[in-house]
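S.K.: Next up is a structure, given as structure tokens.
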Amino acid sequence: MAKVLIPTPLRQYAGKNDAVEVAGATVGEALGKLIDNHPDLRRHLYNDEGRLRSFVNVYVNDEDIRYLKKEHTQLASGDVISIVPSIAGGGF
Amino acid sequence: MIRIHAEPWAEMVRHARAAYPDECVGVMLGATGNGSKSVELALPMENVSPGDRRQRYTLDSKDLRAADAEARRRGLTLVGIYHSHPDADAYFSATDLANSCPWYSFVVLSIRRGEFDHAHSWLPDAEQKTAEHEPLVTEN
């Protein structure tokens, strides 16, 4: 089992949980289980094509999965998955 | 509507003035309910933009993770992000929109010649195509 930390603004779509334990051999499977258990989260994380929204980054422990095997990244028991959006901008 | 209590609002203005002529960035922690948000704590963050920080900001993902963890510890919600526009109005620019996230309110502070001028709050959509103006109330 891995633990998914729910971003605080999304807790309302995850049964008000701070974190959810999910089974899954990969990050993609674990996030799929998360969505199965809390379907209201889907539109906040995935676009209509079923891909993670462009601003959504996923970490396993402290590693960004973009630099691992993305959603195919393997999970070990006790891993912690964090969902962190990209935030930037500027006046011009 | 988003209501920012006096103490976090003073901190946001202080931070934006101190960062001038660069853009500042920080997070707002508070509560949500009945379609409105209240901000109880502002946490200044570092602008880590690799570009010209007078017109660009980037929030380090490690800092954002830590801020969300701090919200969790305090029983609060990370309700929004603030940043400043030095010598520009508090609009939501195309760059702001293209790098936004619909989970948060985005408060923009206009700083002119180093002094606070005005602020607006924005709610971007999930496709990063439009941002709705959110009524902003600040306490003094």
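Ordering of the structure tokens sets the chain letters (A, B, ...), residue numbers begin anew at 1 in every chain, and ligands are numbered from 1 in the order given.
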Once you count only C-alpha atoms, what closest atom pair and distance in Å to one decimal does each residue of segment 22-77 of chain B within 8 Å of segment 1-14 of chain A have, with rows by chain and rising residue number, as CSV?
M.R.:
residue,atom,partner,partner_atom,distance
B:Asp68,CA,A:Thr8,CA,6.5
B:Ala71,CA,A:Thr8,CA,7.3
B:Arg72,CA,A:Thr8,CA,6.8
B:Leu76,CA,A:Thr8,CA,7.7
B:Thr77,CA,A:Thr8,CA,5.1
S.K.: Mind writing the picked residues with N, CA and C atoms as a compact mmCIF listing (two decimals), in the first residue's frame?
M.R.:
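See selection.txt below for the written result:
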# COMPACT_ATOMS: atom_id res chain seq x y z
N ASP B 68 1.71 23.20 1.85
CA ASP B 68 0.49 22.39 1.97
C ASP B 68 0.58 21.53 3.24
N ALA B 71 -0.28 23.72 6.11
CA ALA B 71 -1.74 23.88 6.19
C ALA B 71 -2.37 22.67 6.88
N ARG B 72 -1.91 21.49 6.49
CA ARG B 72 -2.45 20.25 7.06
C ARG B 72 -2.20 20.21 8.57
N LEU B 76 -5.73 23.83 8.40
CA LEU B 76 -6.19 24.84 7.45
C LEU B 76 -6.12 24.28 6.03
N THR B 77 -6.53 25.10 5.08
CA THR B 77 -6.48 24.75 3.66
C THR B 77 -5.61 25.77 2.94
S.K.: Residues of chain A within 10 Å of chain B, counting only C-alpha atoms, what are they? List them as a PyMOL selection string.
M.R.: chain A and resi 5-12+18+43-47+53-57+59+62+64+82-92
S.K.: Quick one: residues within 6 Å of Ile2 of chain B, only C-alpha atoms, excluding same-chain residues fewer than 5 positions away - as number ranges by chain?
M.R.: B: 36-38, 136
S.K.: Put those residues in a file: C-alpha atoms, as an mmCIF file, in the first residue's frame.
M.R.:
data_model
loop_
_atom_site.group_PDB
_atom_site.id
_atom_site.type_symbol
_atom_site.label_atom_id
_atom_site.label_comp_id
_atom_site.auth_asym_id
_atom_site.auth_seq_id
_atom_site.Cartn_x
_atom_site.Cartn_y
_atom_site.Cartn_z
ATOM 1 C CA SER B 36 -16.295 31.736 0.098
ATOM 2 C CA LYS B 37 -12.755 31.645 1.417
ATOM 3 C CA SER B 38 -11.080 33.306 4.350
ATOM 4 C CA LEU B 136 -11.779 40.391 -2.747
#
S.K.: Tell me, which residues of segment 16-125 of chain B carry DSSP strand (DSSP E or B), written as a ChimeraX atom specification?
M.R.: /B:25-33,36-45,47,57-59,77-86,105-112,115-124
S.K.: Any idea what the distance is between atom CA of Ala25 of chain A and atom CA of Leu75 of chain A?
M.R.: 5.4 Å
S.K.: In Å, with one decimal, what is the gap from atom CA of Val27 of chain B to atom CA of Leu43 of chain B?
M.R.: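 According to the coordinates, atom CA of Val27 of chain B and atom CA of Leu43 of chain B are separated by 5.3 Å.
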S.K.: Return the single residue from A:Leu31, A:Val22, A:Val58, A:Leu41 that is closest to Ser77 of chain A, with distances computed using only C-alpha atoms.
M.R.: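 Using only C-alpha atoms, Ser77 of chain A sits closest to A:Val22.
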S.K.: Just the residues within 10 Å of Ala42 of chain B, please, counting only C-alpha atoms, with nothing from its chain fewer than 2 positions along; format it as a short mmCIF file (atom, residue, chain, number, x, y, z; two decimals) with C-alpha atoms, in the first residue's frame.
M.R.:
data_model
loop_
_atom_site.label_atom_id
_atom_site.label_comp_id
_atom_site.auth_asym_id
_atom_site.auth_seq_id
_atom_site.Cartn_x
_atom_site.Cartn_y
_atom_site.Cartn_z
CA ILE B 4 -8.16 38.28 3.82
CA HIS B 5 -7.80 39.03 7.51
CA GLU B 7 -2.58 40.28 9.68
CA PRO B 8 -2.04 38.16 6.55
CA TRP B 9 -3.01 41.11 4.35
CA ALA B 10 -0.40 43.33 6.02
CA GLU B 11 2.16 40.57 5.52
CA MET B 12 1.32 40.25 1.82
CA HIS B 15 6.29 41.25 1.19
CA GLY B 26 3.55 33.47 -1.42
CA VAL B 27 0.72 31.26 -0.30
CA MET B 28 -2.44 31.92 1.67
CA LEU B 29 -3.75 29.49 4.26
CA GLY B 30 -7.28 29.61 5.60
CA VAL B 39 -7.34 33.81 4.65
CA GLU B 40 -5.87 33.51 8.14
CA PRO B 44 5.96 34.48 1.91
CA MET B 45 7.82 32.16 -0.46
CA LEU B 78 -4.06 26.23 1.16
CA GLY B 80 -4.56 30.55 -2.72
CA ILE B 81 -1.38 31.96 -4.15
CA TYR B 82 -0.44 35.63 -4.18
#
S.K.: Give me, as a PyMOL selection string, the residues of chain B that a backbone DSSP run labels helix (DSSP H, G or I).
M.R.: chain B and resi 6-19+61-74+94-98
S.K.: Please compute the atom CA of Glu63 of chain A-atom CA of Gly28 of chain A distance, one decimal, in Å.
M.R.: 15.1 Å
